[in-house]
2 protein chains.
Amino acid sequence: MAQASVETKVHSAMARFTSAEARAARALLGDYPTLGLAPVAEFATRSRTSAATVLRFVAQLGYASYPDFQRRLREELSERIKTPLEKTPASTSKRCGAFLPRFTAKLVENLNDTVMRVPQAEFEAVCALIADRRRNLHVVGGRFTDSVAAYLAAHLRIVRPGVRKLEERPASRADQQLDIGARDTVVMFDIRRYDPDLERFAAAARKRRATVVLLTDIWISPVARHARHVLPCAIETGSTWDSSAVLFAMCEAMIARATEADWNAAKSRIESAEGVSPTSGDAKSKKRLSARSRGRS
Amino acid sequence: MAQASVETKVHSAMARFTSAEARAARALLGDYPTLGLAPVAEFATRSRTSAATVLRFVAQLGYASYPDFQRRLREELSERIKTPLEKTPASTSKRCGAFLPRFTAKLVENLNDTVMRVPQAEFEAVCALIADRRRNLHVVGGRFTDSVAAYLAAHLRIVRPGVRKLEERPASRADQQLDIGARDTVVMFDIRRYDPDLERFAAAARKRRATVVLLTDIWISPVARHARHVLPCAIETGSTWDSSAVLFAMCEAMIARATEADWNAAKSRIESAEGVSPTSGDAKSKKRLSARSRGRS
DNA sequence: TCTTGGCTGAAATTCTCGTTTCAGGATTGA
DNA sequence: TCAATCCTGAAACGAGAATTTCAGCCAAGA
């Protein structure tokens, strides 16, 4: 590698840093590359360390001096600014690039496809349903979408009461469907290959007068027959696997929308949940695993 | 006027400049703002003037001193970097559009950010590790990333043997870490606010000579201290919640890559798994895991 | 041509900034 | 628990930065 970017170096050296150095590293990444272009004293203040620590941090990265480090930052900056338009990795590397950019480009395409496909009114209607606290909410996933369902349920549970994630195994779903009542909402996930069991489940839910929302692929799962709202997502990747990333993204959008829709109510719930959760953005490491080898020549 | 940008000031003062000053101005505009962040001497050389001229140029712009001028440049840079504005079909409606397109545009931005940040070699190294069947694989998620971890584990389990997803509760994780052996791989997820428990877990894993891979946000979880490989992901959405979508996408990319890397081996597994329920692979892998962990230290 | 006024950059000066040192404090291993 | 080791930041130090000075230079007008 001719020129590893400073940022890359920081990432790969992260493990070697002591806790004060890591604080400097994080501060730099948080305001990159600007903070590194400031004088040492300012860097130190803003990362709540000392000048000496910043110098050690820079040395650890392999630069001969602070000015040397800054020169590198400026060089990078020039390069980056020079090509502001062609920088989209999606466009540059679609045909022949590395795996990750290529794959990502496909996902972006899927996202755009999906956004075009889903009518705004439909999306808003679904969000409103999901945010409605008077309705209990049941979330059901298929074989490959179970974790996505879990993610949706986990977040909505923080925002509002009455959220339940149904178990994955079809056998236990049969029992659980007894809990579904009229005026409840059921969010289902089903992408190919479609699960016949889910269709039965959806039929039963509708019979109980629940409102069914379906997230599926663009070929539309048979569950749609029983659903009030359908959100079709693009899932193709060109590889062995279909992608659930768009379903996941859709869920995040729904969560965000539902939270924002009823902010005051959600806020207090979120805050009380925060209190329980572990806090420590800046946990100091209690361990020194090994002596660092410093001082090369 | 609140704060005229430096560039604007240069333009409007252009008439007042003497010829040497104008040379300095043109040089700055030609490599903006980088050249201004360099020391006076370098600015002078690269604009073929003298240090004194550069100082006069800066004074002419109305700045009290050269450092003062630089501070302004840095402030601008911070602001500007914050909105890199990649142009994507979805992002046309970023400002005022409907919720879903706006949200999606943000995710696309995050994806692009992340792809730029992650070195190709790092990604490939991680995929190779994950695909390596000689190593058992343990997957651990944090509070908000548990479902993402589950998704990764569920798919990898189809591709290869020896995959285990650890439970969410820290208490049970403590027991489970006993199964981690030397030459195992541990994939961890930790985004802010970071879970101090996960750092302890990572430290323990490393002590057992396992190789730790971390998926985190761009501010880098303290877990990184113990990790061999770190994949930093952009997670900001501008809303209440951080987004795990990029983590999810990264997982899909890893899954796709790992599958493709060892296609023949994966193929037969996938085919035989098609008919079988997803839970049945689990018993087998548990056996492998405990057998393995007794052997080495 | 000579003079004047002002621009320019080399060199001197000043002082800020980067660097090093060291002692106190924290952590680890015995 | 105690010693050994390592991390950390305050302060001293020295290098190199910004700034100022000034003599030379050029252009324009007499």
# chains A, B, ... in the order shown; residues from 1 in each chain; ligands from 1
>>> residues_around(residues="region 148-165 of chain A", least_positions_apart="3", cutoff="6 Å", atoms="only C-alpha atoms (C1' of nucleotides)", output="MDAnalysis selection string")
(chainID A and resid 136:139 141 145 248 251 266 270) or (chainID B and resid 147)
>>> interface_residues(of="chain A", to="chain B", cutoff="7 Å", atoms="only C-alpha atoms", output="number ranges by chain")
A: 8, 11, 14-16, 26, 29-31, 34, 74, 77-78, 88-89, 100-101, 103, 108, 112, 115, 147-148, 150-151, 239-241, 243, 245, 248-249, 252-253, 256, 278-281, 283
>>> closest_atom_pairs(of="chain C", to="chain B", cutoff="12 Å", atoms="only C-alpha atoms (C1' of nucleotides)", output="JSON lines")
{"residue": "C:DG6", "atom": "C1'", "partner": "B:Thr18", "partner_atom": "CA", "distance": 10.4}
{"residue": "C:DC7", "atom": "C1'", "partner": "B:Thr18", "partner_atom": "CA", "distance": 7.7}
{"residue": "C:DT8", "atom": "C1'", "partner": "B:Thr53", "partner_atom": "CA", "distance": 7.7}
{"residue": "C:DG9", "atom": "C1'", "partner": "B:Ser50", "partner_atom": "CA", "distance": 5.8}
{"residue": "C:DA10", "atom": "C1'", "partner": "B:Ser50", "partner_atom": "CA", "distance": 9.3}
{"residue": "C:DA11", "atom": "C1'", "partner": "B:Ala52", "partner_atom": "CA", "distance": 11.6}
{"residue": "C:DT16", "atom": "C1'", "partner": "B:Pro67", "partner_atom": "CA", "distance": 10.3}
{"residue": "C:DC17", "atom": "C1'", "partner": "B:Pro67", "partner_atom": "CA", "distance": 11.4}
>>> atom_distance(atom1="CA of Ala258 (chain B)", atom2="CA of Val10 (chain A)")
26.3 Å
>>> interface_residues(of="chain D", to="chain B", cutoff="10 Å", atoms="only C-alpha atoms (C1' of nucleotides)", output="ChimeraX atom specification")
/D:17-20
>>> write_last_selection(atoms="N, CA, C and O atoms (P, O5', C5', C4', C3', O3' and C1' of nucleotides)", output="PDB file, in the first residue's frame")
ATOM      1  P    DA D  17       8.443  25.752  10.403  1.00  0.00           P
ATOM      2  O5'  DA D  17       7.247  26.770  10.548  1.00  0.00           O
ATOM      3  C5'  DA D  17       6.158  26.471  11.428  1.00  0.00           C
ATOM      4  C4'  DA D  17       5.742  27.728  12.164  1.00  0.00           C
ATOM      5  C3'  DA D  17       5.447  28.898  11.243  1.00  0.00           C
ATOM      6  O3'  DA D  17       4.041  28.982  11.048  1.00  0.00           O
ATOM      7  C1'  DA D  17       6.770  29.556  13.131  1.00  0.00           C
ATOM      8  P    DA D  18       3.498  30.044   9.979  1.00  0.00           P
ATOM      9  O5'  DA D  18       3.492  31.396  10.802  1.00  0.00           O
ATOM     10  C5'  DA D  18       2.561  31.573  11.861  1.00  0.00           C
ATOM     11  C4'  DA D  18       2.819  32.904  12.553  1.00  0.00           C
ATOM     12  C3'  DA D  18       2.418  34.145  11.740  1.00  0.00           C
ATOM     13  O3'  DA D  18       1.740  35.041  12.604  1.00  0.00           O
ATOM     14  C1'  DA D  18       4.710  34.267  12.320  1.00  0.00           C
ATOM     15  P    DT D  19       1.012  36.320  11.996  1.00  0.00           P
ATOM     16  O5'  DT D  19       2.126  37.448  12.116  1.00  0.00           O
ATOM     17  C5'  DT D  19       2.602  37.791  13.404  1.00  0.00           C
ATOM     18  C4'  DT D  19       3.803  38.696  13.297  1.00  0.00           C
ATOM     19  C3'  DT D  19       3.612  39.948  12.436  1.00  0.00           C
ATOM     20  O3'  DT D  19       3.642  41.069  13.307  1.00  0.00           O
ATOM     21  C1'  DT D  19       5.738  38.948  12.109  1.00  0.00           C
ATOM     22  P    DT D  20       3.387  42.527  12.704  1.00  0.00           P
ATOM     23  O5'  DT D  20       4.873  43.081  12.570  1.00  0.00           O
ATOM     24  C5'  DT D  20       5.790  42.900  13.647  1.00  0.00           C
ATOM     25  C4'  DT D  20       7.155  43.437  13.281  1.00  0.00           C
ATOM     26  C3'  DT D  20       7.135  44.765  12.530  1.00  0.00           C
ATOM     27  O3'  DT D  20       8.011  45.672  13.191  1.00  0.00           O
ATOM     28  C1'  DT D  20       8.445  43.165  11.351  1.00  0.00           C
TER      29       DT D  20
END
>>> atom_distance(atom1="CA of Ala125 (chain B)", atom2="CA of Val140 (chain B)")
19.0 Å
>>> select_by_dssp(residues="region 28-254 of chain B", states="alpha helix (DSSP H)", output="VMD selection string")
chain B and resid 28 to 30 34 to 37 40 to 46 51 to 60 66 to 82 99 to 117 120 to 131 146 to 159 170 to 176 196 to 207 245 to 254
>>> residues_around(residues="DT1 (chain C)", least_positions_apart="2", cutoff="12 Å", atoms="only C-alpha atoms (C1' of nucleotides)", output="compact mmCIF listing (two decimals) with N, CA, C and O atoms (P, O5', C5', C4', C3', O3' and C1' of nucleotides), in the first residue's frame")
# COMPACT_ATOMS: atom_id res chain seq x y z
P DT C 3 17.79 62.82 -8.64
O5' DT C 3 16.26 62.74 -8.24
C5' DT C 3 15.37 63.79 -8.66
C4' DT C 3 13.95 63.40 -8.32
C3' DT C 3 13.80 62.79 -6.93
O3' DT C 3 12.75 63.49 -6.25
C1' DT C 3 12.80 61.39 -8.57
P DG D 29 1.65 58.28 -14.82
O5' DG D 29 2.45 59.59 -14.41
C5' DG D 29 2.47 60.00 -13.03
C4' DG D 29 3.53 61.05 -12.85
C3' DG D 29 3.44 62.22 -13.85
O3' DG D 29 3.65 63.43 -13.15
C1' DG D 29 5.59 61.26 -13.92
P DA D 30 3.50 64.81 -13.89
O5' DA D 30 4.98 65.40 -13.81
C5' DA D 30 5.60 65.55 -12.52
C4' DA D 30 7.02 66.04 -12.72
C3' DA D 30 7.14 67.26 -13.65
O3' DA D 30 8.08 68.18 -13.12
C1' DA D 30 8.46 65.47 -14.47
>>> closest_residue(among="D:DA28, D:DA4, D:DT21, D:DG16", to="DC15 (chain C)", atoms="only C-alpha atoms (C1' of nucleotides)")
D:DG16
>>> atom_distance(atom1="CA of Ser5 (chain A)", atom2="CA of Glu236 (chain B)")
22.6 Å
